[in-house]
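Beneath this line is the structure, given in structure tokens, with notes to follow.
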Number of protein chains: 4
Amino acid sequence: MAANGANLRQMTMNFTSDNAYGAAPEILAALADVNSGTADSYGEDEITARLARRFSEVFEREVAVFPVFTGTAANALALATIAPPYGAIFCHENSHIAVDECAAPEFFSGGAKLVHLRGRHAKFAPAAVEEALAHYRGGVHSPKPSAISITQATERGTVYRADEIAALSDIARREGMTLHMDGARFANAVAHLGCTPADITWKAGVDVLSFGATKNGALCAEVVVFFDPARVRDFEYRRKRAGHLASKMRFVSVQLEAYLKYDVWLKHASAANRMARSLGEELSRMPGMDLAHIVEANEVFVHVPMPLVQKLREAHVSFYEWEQPKNGRVLLRLVVSFLTPEKDLSALVSLMRG
Amino acid sequence: MAANGANLRQMTMNFTSDNAYGAAPEILAALADVNSGTADSYGEDEITARLARRFSEVFEREVAVFPVFTGTAANALALATIAPPYGAIFCHENSHIAVDECAAPEFFSGGAKLVHLRGRHAKFAPAAVEEALAHYRGGVHSPKPSAISITQATERGTVYRADEIAALSDIARREGMTLHMDGARFANAVAHLGCTPADITWKAGVDVLSFGATKNGALCAEVVVFFDPARVRDFEYRRKRAGHLASKMRFVSVQLEAYLKYDVWLKHASAANRMARSLGEELSRMPGMDLAHIVEANEVFVHVPMPLVQKLREAHVSFYEWEQPKNGRVLLRLVVSFLTPEKDLSALVSLMRG
Amino acid sequence: MAANGANLRQMTMNFTSDNAYGAAPEILAALADVNSGTADSYGEDEITARLARRFSEVFEREVAVFPVFTGTAANALALATIAPPYGAIFCHENSHIAVDECAAPEFFSGGAKLVHLRGRHAKFAPAAVEEALAHYRGGVHSPKPSAISITQATERGTVYRADEIAALSDIARREGMTLHMDGARFANAVAHLGCTPADITWKAGVDVLSFGATKNGALCAEVVVFFDPARVRDFEYRRKRAGHLASKMRFVSVQLEAYLKYDVWLKHASAANRMARSLGEELSRMPGMDLAHIVEANEVFVHVPMPLVQKLREAHVSFYEWEQPKNGRVLLRLVVSFLTPEKDLSALVSLMRG
Amino acid sequence: MAANGANLRQMTMNFTSDNAYGAAPEILAALADVNSGTADSYGEDEITARLARRFSEVFEREVAVFPVFTGTAANALALATIAPPYGAIFCHENSHIAVDECAAPEFFSGGAKLVHLRGRHAKFAPAAVEEALAHYRGGVHSPKPSAISITQATERGTVYRADEIAALSDIARREGMTLHMDGARFANAVAHLGCTPADITWKAGVDVLSFGATKNGALCAEVVVFFDPARVRDFEYRRKRAGHLASKMRFVSVQLEAYLKYDVWLKHASAANRMARSLGEELSRMPGMDLAHIVEANEVFVHVPMPLVQKLREAHVSFYEWEQPKNGRVLLRLVVSFLTPEKDLSALVSLMRG
């Protein structure tokens with residue numbers, strides 16, 4: 001994948017990533033609100049305490065929550081807690097933990113093995129797990145099957161339904177494995193499904209969730225959510241020694257508090273989803289173009305004729321080419337943020353319709 | 001060490017830590033300034049690029065800089081870069097890396113050994129290193145001497161002079177070791193010595209610096225500074241897989257940019273130092289009290305009669321008791337931030353004078 | 001894979017593994033020869049010193065050699081020396097390091113990633129490396145391509161020719177990667193090719209070799225051979241801290257000395273290869289059976305009708321079923337040791353023809 | 001510590017280490033006895049199964065035993081099983097795990113911290129643990145107290161009595177820690193105390209034992225013994241991925257079987273102890289010499305005048321100088337093996353009496 005090299009400026013139209021956009025105004029304001037006075041450091045403050053209660057409301061059950069700075073940290077810390085150093089973690093071959101985190105789960109776990117599964121639309125089905133498991137029954141010669149990790153929404157902008165998650169959870173339970181969900185775009189998935197947060201997590205058998213906020217409006221705030229306090233074990237030691245326990249934690253926690261307030265998180269995710277879906281519909285009607293996946297969250301993957309790429313670049317549109325060109329066409333990834341200007345979308349459609 | 005359990009509120013007088021205070025207004029404002037528009041993610045943005053240039057100016061030579069979220073991450077990543085998994089790292093037995101980071105250096109390095117040295121006022125001298133080295137010449141039976149790490153200002157609020165650092169650097173060079181400085185309170189040290197940043201770093205033989213900003217006004221921003229680009233090696237891979245490469249890096253980098261701007265960092269550190277020194281002078285004159293260390297940075301360590309502790313707690317003063325009581329006296333740590341209200345200092349002095 | 005559960009006794013015919021057989025008489029005798037008197041411990045003895053010289057002769061150049069107890073240790077220590085914790089190691093999806101060592105390379109390296117390549121007959125070609133490399137050019141988001149590891153002879157009893165190795169070495173050099181060879185059955189490969197040990201190692205671009213002896217006659221002795229002393233770095237620290245530096249090293253080294261003496265190693269490997277080839281030829285002529293791979297070393301992989309499996313088990317023949325049955329046939333692995341009695345081979349052929 | 005550099009030959013008198021001597025004849029003979037026929041590999045053989053039963057008899061309770069090649073592996077694997085990566089392990093500052101294993105416990109555990117305790121005669125008392133614990137109650141800022149490790153016999157040839165062990169076990173239980181014993185010279189301790197193996201292990205509260213055999217007659221065989229099967233957890237995965245699961249395990253297990261047979265282990269240890277005690281008594285009567293520790297096992301630590309060292313070296317006596325010379329005297333370590341010729345002892349005494 002290659003973005004256009006130049007630094008992005010405001011006159012560009014930016015579809016590279018939701019990370020390319022700034023923070024939600026509600027969140028930025030919240031930082032200023034908590035700046036005065038003093039607070040206990042390292043997460044012993046009142047805001048962080050409130051946060052745990054708020055998450056328990058959102059998820060309709062007592063949960064244990066641990067804010068960290070990044071999604072990579074959330075995933076790697078969660079996985080290291082549920083998989084031993086000699087464990088095997090089953091995940092999609094396109095998942096962020098498999099290909100975009102520089103082997104962070106391997107590092108944090110002390111050498112666990114990520115088993116890459118295949119499946120259409122960046123999702124995998126129970127059969128893929130069963131097939132892989134057959135190779136991990138050799139006793140101590142293979143790592144011990146320990147966890148299944150799914151991404152919600154996936155790296156291709158698709159979404160697991162509750163029943164699909166439950167089917168994977170069934171295998172996890174049967175095999176004594178733990179089910180992890182990478183929810184870097186969890187809000188987009190909830191917004192798409194119109195379900196409750198509980199429906200696609202613990203009610204469907206998810207044990208641990210990396211709950212993302214950064215892509216959808218925070219500056220640097222993610223949360224590891226454990227649905228079963230007994231599984232938390234010594235998570236806090238791991239977070240500290242990884243350098244992810246903020247000394248001035250209130251500034252992380254308050255981002256999350258604001259994120260959840262008045263359903264700000266779902267409002268923004270819905271907006272991004274809606275724009276992406278609309279973009280996808282427009283593109284799918286254009287000749288020579290094909291959506292690679294149905295647009296369920298805030299990402300559009302579209303095969304386009306190669307000459308179009310150059311044209312877009314010249315018009316200062318930035319985006320990633322997601323795969324090597326094939327048969328004269330390239331797969332583009334176009335990500336939409338709730339902060340993406342509507343006019344950029346219109347301009348992009350015009351350019352592509354060309 | 002034990003702080004008073006209650007959550008701190010504004011009516012308390014807080015001397016527990018510089019981390020208990022919020023962010024400098026200059027830094028909070030800078031966050032809002034860079035929020036609009038888009039920026040390349042993961043450190044490819046313009047602000048981060050500018051930051052490298054700015055640090056090179058501050059240190060009067062080409063340096064390589066890598067922002068991270070916390071001091072623990074800065075230290076552990078720096079040490080893992082300069083010490084192999086089978087390395088020995090020589091540090092003070094009171095140093096933050098030795099006792100306050102939950103063995104983060106051991107984790108990041110893959111099992112290097114921290115050799116705890118002794119020395120008055122939380123500093124150690126060349127002789128302590130020489131003595132310890134004698135036990136690490138047994139070939140492969142002992143870890144390989146790889147790094148020396150010093151803290152500036154130290155955990156007891158004292159400061160290494162340039163010549164003291166140079167003497168340690170001489171041993172490091174002779175033995176093929178690398179010299180690291182934990183500069184969580186680097187600004188306070190520079191402010192105290194009235195020297196240039198270069199004087200007590202590369203000019204005195206420091207190879208890698210953990211440059212702190214959080215305690216002195218940032219929300220969550222520290223920097224690893226390499227004075228010799230050849231030693232950087234693959235630092236960026238390590239940062240990424242540790243989850244310390246911010247996706248929206250501009251929000252970390254801009255904190256550091258603001259921190260360095262118009263000498264804001266030294267202004268704040270000087271203010272904190274001045275208040276701490278003044279507090280120390282007052283206390284040293286009181287009967288039954290003794291400073292444990294000369295006050296050179298923003299921390300005061302004072303032995304006080306045990307009954308005073310209860311009195312302070314009742315007056316809602318918060319602080320740490322730093323050691324077990326001995327001979328009817330307790331060692332208190334009183335930390336002053338540039339944001340500590342002058343009136344809190346006066347009130348504290350009154351209370352203690354009793 | 002599943003062996004027959006019962007403990008193997010002498011009346012069984014054992015084709016499960018070369019590990020099922022004992023030690024070569026020459027090696028057992030050598031142990032007794034060096035038992036009297038004293039010797040410096042931890043590898044400082046004369047026998048170990050002689051061993052380095054002997055290996056240099058065998059490989060026709062100065063080499064650095066480090067005896068260890070097992071092949072897993074040899075591979076994992078070698079790979080940890082040449083790949084950093086954030087490295088990617090390219091290997092065949094059927095390789096021992098990928099599927100039979102419980103993620104030892106991940107453990108020893110501190111979390112490097114094994115990238116599984118595909119290829120017929122358990123070998124892979126340059127094109128497979130190139131294709132995989134395309135996914136590892138994303139900068140710090142992916143582990144850094146650091147090593148290629150090939151197995152000689154492979155896990156399917158096939159052998160890389162010198163030119164095939166050289167072609168992989170070319171990519172390694174171009175990309176700044178190191179080429180490792182897992183030579184658990186190196187003797188069988190040399191015996192098959194009729195080449196010199198140098199021809200298929202350093203002359204073909206191999207940098208580090210795990211030289212096996214256990215399967216071919218030792219009790220517990222393998223050697224890591226570095227062809228370029230500059231790459232050895234601090235291997236000895238790693239071996240010690242992994243518990244693979246024998247205190248009474250003479251007993252490991254003398255196994256290797258005896259193994260190399262009078263070409264004992266090649267004599268045994270040739271005998272095993274010859275018997276395996278002969279077995280393969282017999283089986284290939286039987287109706288309903290097909291060799292899955294050409295027999296180049298001491299292993300025969302043959303697809304047989306399912307009813308035959310039960311018949312063999314009843315006749316006390318032990319072996320592994322290597323894959324799930326398909327279309328009424330099962331893939332058997334039949335391994336031949338130089339100690340396998342000729343009569344067992346005849347009896348097996350009779351049973352299978354039966 | 002420095003041995004004389006020259007390779008040791010038979011005409012030297014060797015007091016450097018019990019590792020300098022060969023194997024017990026009973027053990028060497030046992031290797032030959034099991035060489036014929038085939039056996040299941042990787043520990044699935046009958047000899048290894050018998051071994052578990054034999055150890056259960058020796059320790060008078062059901063135990064789980066895992067043979068490995070070296071003491072370093074036994075210790076590091078045992079500790080990694082009972083201490084998490086974020087754990088603290090309390091041990092003597094002179095212990096083998098602290099100073100002679102190149103940080104193997106740190107490596108195997110994934111970065112646990114060894115807390116070095118002080119105490120006379122290489123032993124430590126409950127008070128030393130209590131004092132250290134006070135620094136590990138800071139919550140997540142310090143590693144979690146997880147294990148206590150003691151050495152039996154100690155690195156200075158002294159022995160813990162059952163009641164001393166029980167006192168340490170009491171603290172371990174109270175704090176939720178596990179008690180490990182490094183028994184590299186366990187036989188010497190049992191022989192000295194005239195107790196049963198059970199008396200100084202599980203009956204005194206030891207949870208895990210590294211049971212040594214190599215120093216006392218094996219070629220390369222140690223065993224990790226778990227007294228509570230529930231604590232074994234996934235030890236076997238750890239052993240495999242560390243390369244310490246022997247493929248031809250029968251050759252390791254049979255060494256241990258022979259070692260335990262007919263009380264061979266205690267016979268040899270008693271012989272070595274007796275010679276060492278006798279040597280100690282002789283030396284203690286010589287002018288200018290002082291035993292540093294009472295001789296309870298097979299090691300003599302004696303302060304001698306510096307000129308004597310040169311004299312001994314010239315007479316081809318080899319040994320270690322254990323500390324830097326002080327006040328004109330040097331501390332020598334003289335280790336006696338059951339294979340040490342009586343005439344060497346007499347000659348040494350004559351030379352020293354000189």
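Note on naming: chains are A, B, ... as they come in the structure tokens, residues start from 1 per chain, ligands start from 1 in the order shown.
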Please find the residues of chain C near chain B - the criterion being any atom within 7 Å, counting only C-alpha atoms - and write them as a short mmCIF file (atom, residue, chain, number, x, y, z; two decimals) with N, CA, C and O atoms, in the first residue's frame.
```cif
data_model
loop_
_atom_site.label_atom_id
_atom_site.label_comp_id
_atom_site.auth_asym_id
_atom_site.auth_seq_id
_atom_site.Cartn_x
_atom_site.Cartn_y
_atom_site.Cartn_z
N TYR C 86 11.95 -7.57 16.06
CA TYR C 86 10.98 -6.98 15.14
C TYR C 86 11.23 -7.46 13.72
O TYR C 86 10.87 -6.79 12.75
N GLY C 110 12.35 -13.11 20.74
CA GLY C 110 11.62 -12.05 21.41
C GLY C 110 10.44 -11.56 20.60
O GLY C 110 10.01 -10.42 20.75
N VAL C 140 7.51 0.59 9.19
CA VAL C 140 7.49 0.04 10.53
C VAL C 140 6.19 -0.68 10.87
O VAL C 140 6.06 -1.24 11.96
N HIS C 141 5.23 -0.65 9.99
CA HIS C 141 3.96 -1.32 10.30
C HIS C 141 4.06 -2.84 10.17
O HIS C 141 3.23 -3.57 10.70
N GLU C 236 27.23 -16.73 22.07
CA GLU C 236 27.51 -17.52 23.28
C GLU C 236 26.71 -17.05 24.48
O GLU C 236 26.34 -17.86 25.33
N TYR C 237 26.42 -15.76 24.54
CA TYR C 237 25.54 -15.30 25.62
C TYR C 237 24.15 -15.92 25.46
O TYR C 237 23.54 -16.35 26.44
N ARG C 238 23.68 -15.93 24.24
CA ARG C 238 22.33 -16.47 24.01
C ARG C 238 22.28 -17.96 24.37
O ARG C 238 21.31 -18.43 24.96
N LYS C 240 24.12 -19.62 26.48
CA LYS C 240 24.20 -19.80 27.93
C LYS C 240 22.86 -19.53 28.59
O LYS C 240 22.36 -20.32 29.39
#
```
Looking only at alpha helix (DSSP H) from DSSP on the backbone, list the matching residues of stretch 163-293 of chain D as number ranges by chain. D: 163-175, 186-193, 235-241, 250-260, 264-284
Just the number, please: distance in Å from atom CA of A:Val252 to atom CA of D:His135, one decimal. 28.7 Å
Residues of stretch 57-286 of chain A in strand (DSSP E or B) according to DSSP, as a PyMOL selection string? chain A and resi 64-68+87-92+113-117+144-151+178-183+208-212+222-226
Can you spit out the residues from that selection as a compact mmCIF listing (two decimals), in the first residue's frame, using N, CA, C and O atoms?
```txt
# COMPACT_ATOMS: atom_id res chain seq x y z
N ALA A 64 -14.80 -4.42 33.38
CA ALA A 64 -13.55 -3.80 33.82
C ALA A 64 -12.93 -3.11 32.62
O ALA A 64 -12.81 -3.73 31.55
N VAL A 65 -12.57 -1.84 32.77
CA VAL A 65 -12.06 -1.09 31.61
C VAL A 65 -10.69 -0.47 31.92
O VAL A 65 -10.45 -0.01 33.03
N PHE A 66 -9.85 -0.48 30.92
CA PHE A 66 -8.49 0.03 31.07
C PHE A 66 -8.12 0.90 29.88
O PHE A 66 -7.85 0.38 28.79
N PRO A 67 -8.09 2.21 30.07
CA PRO A 67 -7.71 3.09 28.97
C PRO A 67 -6.23 2.94 28.61
O PRO A 67 -5.38 2.79 29.50
N VAL A 68 -5.95 2.99 27.34
CA VAL A 68 -4.57 3.03 26.84
C VAL A 68 -4.50 4.05 25.71
O VAL A 68 -5.52 4.59 25.30
N GLY A 87 1.09 -19.78 23.28
CA GLY A 87 -0.26 -19.89 22.74
C GLY A 87 -0.34 -19.62 21.25
O GLY A 87 0.55 -19.02 20.65
N ALA A 88 -1.44 -20.08 20.66
CA ALA A 88 -1.75 -19.76 19.27
C ALA A 88 -3.00 -18.91 19.24
O ALA A 88 -3.97 -19.20 19.95
N ILE A 89 -2.96 -17.86 18.43
CA ILE A 89 -4.06 -16.91 18.31
C ILE A 89 -4.56 -16.96 16.87
O ILE A 89 -3.79 -16.71 15.95
N PHE A 90 -5.82 -17.28 16.69
CA PHE A 90 -6.37 -17.42 15.35
C PHE A 90 -7.01 -16.11 14.91
O PHE A 90 -7.88 -15.57 15.61
N CYS A 91 -6.59 -15.61 13.76
CA CYS A 91 -7.09 -14.32 13.28
C CYS A 91 -7.10 -14.31 11.76
O CYS A 91 -6.50 -15.16 11.12
N HIS A 92 -7.77 -13.31 11.19
CA HIS A 92 -7.81 -13.22 9.73
C HIS A 92 -6.46 -12.77 9.19
O HIS A 92 -5.78 -11.96 9.81
N LYS A 113 1.94 -17.33 18.76
CA LYS A 113 1.89 -17.44 17.30
C LYS A 113 0.54 -17.00 16.76
O LYS A 113 -0.50 -17.48 17.23
N LEU A 114 0.55 -16.10 15.79
CA LEU A 114 -0.69 -15.72 15.13
C LEU A 114 -0.91 -16.65 13.95
O LEU A 114 -0.08 -16.73 13.05
N VAL A 115 -2.03 -17.33 13.97
CA VAL A 115 -2.37 -18.23 12.88
C VAL A 115 -3.30 -17.49 11.94
O VAL A 115 -4.38 -17.05 12.34
N HIS A 116 -2.86 -17.32 10.70
CA HIS A 116 -3.60 -16.51 9.75
C HIS A 116 -4.67 -17.35 9.05
O HIS A 116 -4.35 -18.32 8.38
N LEU A 117 -5.91 -16.92 9.17
CA LEU A 117 -7.03 -17.62 8.52
C LEU A 117 -7.48 -16.83 7.30
O LEU A 117 -7.31 -15.61 7.24
N LYS A 144 -0.28 -23.77 21.85
CA LYS A 144 -1.58 -24.17 22.38
C LYS A 144 -2.69 -23.22 21.92
O LYS A 144 -2.62 -22.02 22.18
N PRO A 145 -3.72 -23.74 21.28
CA PRO A 145 -4.81 -22.86 20.85
C PRO A 145 -5.38 -22.10 22.05
O PRO A 145 -5.85 -22.70 23.00
N SER A 146 -5.31 -20.79 21.99
CA SER A 146 -5.63 -19.98 23.16
C SER A 146 -6.65 -18.88 22.91
O SER A 146 -7.40 -18.52 23.82
N ALA A 147 -6.66 -18.33 21.72
CA ALA A 147 -7.56 -17.20 21.48
C ALA A 147 -7.99 -17.13 20.03
O ALA A 147 -7.27 -17.58 19.13
N ILE A 148 -9.18 -16.59 19.83
CA ILE A 148 -9.65 -16.20 18.50
C ILE A 148 -9.82 -14.70 18.53
O ILE A 148 -10.35 -14.16 19.50
N SER A 149 -9.35 -14.04 17.50
CA SER A 149 -9.48 -12.58 17.44
C SER A 149 -10.19 -12.17 16.16
O SER A 149 -9.78 -12.57 15.06
N ILE A 150 -11.27 -11.42 16.30
CA ILE A 150 -11.98 -10.91 15.13
C ILE A 150 -11.97 -9.39 15.15
O ILE A 150 -11.78 -8.77 16.19
N THR A 151 -12.18 -8.79 13.97
CA THR A 151 -12.12 -7.34 13.84
C THR A 151 -13.50 -6.83 13.49
O THR A 151 -14.15 -7.36 12.60
N THR A 178 -10.27 -18.10 24.23
CA THR A 178 -10.91 -16.84 24.59
C THR A 178 -11.18 -16.05 23.32
O THR A 178 -10.38 -16.08 22.40
N LEU A 179 -12.32 -15.35 23.29
CA LEU A 179 -12.68 -14.59 22.09
C LEU A 179 -12.40 -13.09 22.28
O LEU A 179 -12.97 -12.45 23.16
N HIS A 180 -11.54 -12.57 21.42
CA HIS A 180 -11.17 -11.15 21.45
C HIS A 180 -11.75 -10.44 20.24
O HIS A 180 -11.80 -11.01 19.15
N MET A 181 -12.18 -9.21 20.45
CA MET A 181 -12.63 -8.40 19.33
C MET A 181 -11.80 -7.13 19.25
O MET A 181 -11.68 -6.39 20.22
N ASP A 182 -11.21 -6.92 18.06
CA ASP A 182 -10.52 -5.66 17.80
C ASP A 182 -11.56 -4.67 17.32
O ASP A 182 -12.00 -4.74 16.16
N GLY A 183 -11.95 -3.76 18.19
CA GLY A 183 -13.01 -2.82 17.86
C GLY A 183 -12.50 -1.43 17.55
O GLY A 183 -13.07 -0.45 18.04
N VAL A 208 -13.22 -10.24 25.51
CA VAL A 208 -12.41 -9.02 25.65
C VAL A 208 -12.56 -8.17 24.39
O VAL A 208 -12.50 -8.70 23.29
N LEU A 209 -12.69 -6.88 24.61
CA LEU A 209 -12.87 -5.96 23.49
C LEU A 209 -11.83 -4.85 23.52
O LEU A 209 -11.61 -4.24 24.56
N SER A 210 -11.20 -4.61 22.37
CA SER A 210 -10.42 -3.38 22.21
C SER A 210 -11.38 -2.34 21.65
O SER A 210 -11.76 -2.40 20.48
N PHE A 211 -11.78 -1.44 22.51
CA PHE A 211 -12.79 -0.44 22.15
C PHE A 211 -12.09 0.81 21.64
O PHE A 211 -11.38 1.49 22.40
N GLY A 212 -12.28 1.11 20.38
CA GLY A 212 -11.54 2.22 19.77
C GLY A 212 -12.27 3.54 19.86
O GLY A 212 -13.50 3.58 19.80
N GLU A 222 -8.01 4.69 23.68
CA GLU A 222 -8.65 3.42 23.40
C GLU A 222 -8.87 2.74 24.76
O GLU A 222 -8.27 3.13 25.75
N VAL A 223 -9.71 1.75 24.79
CA VAL A 223 -9.99 1.09 26.06
C VAL A 223 -10.01 -0.42 25.88
O VAL A 223 -10.57 -0.91 24.90
N VAL A 224 -9.39 -1.12 26.80
CA VAL A 224 -9.56 -2.57 26.83
C VAL A 224 -10.71 -2.87 27.80
O VAL A 224 -10.67 -2.46 28.96
N VAL A 225 -11.72 -3.56 27.28
CA VAL A 225 -12.90 -3.89 28.08
C VAL A 225 -12.96 -5.40 28.32
O VAL A 225 -12.99 -6.18 27.37
N PHE A 226 -12.92 -5.78 29.59
CA PHE A 226 -13.08 -7.20 29.95
C PHE A 226 -14.51 -7.42 30.43
O PHE A 226 -14.95 -6.75 31.37
```
Within 6 Å of A:Ala122, counting only C-alpha atoms, which residues qualify if same-chain residues fewer than 2 places away don't, as a PyMOL selection string? chain A and resi 119-120+156
Surrounding residues of A:Lys343 excluding itself and chain neighbours under 5 positions, 10 Å, only C-alpha atoms, as a list in words: Met13, Leu348 and Val349 of chain A
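Of the residues listed (A:Asn273, A:Thr81, A:Gln255, A:Thr340), A:Gln255 shows the shortest atom-to-atom separation from A:Ala29; distances use only C-alpha atoms.
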What does the distance from atom CA of C:Ser56 to atom CA of C:Ala162 come to in Å, to one decimal? 19.8 Å
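When only C-alpha atoms are used to measure the gap to A:Glu62, the shortest distance among A:Ala347, A:Ala198, A:Val300, A:Ala166 belongs to A:Ala198.
Atom pair atom CA of C:Arg250 / atom CA of C:Phe55: separated by 15.8 Å.
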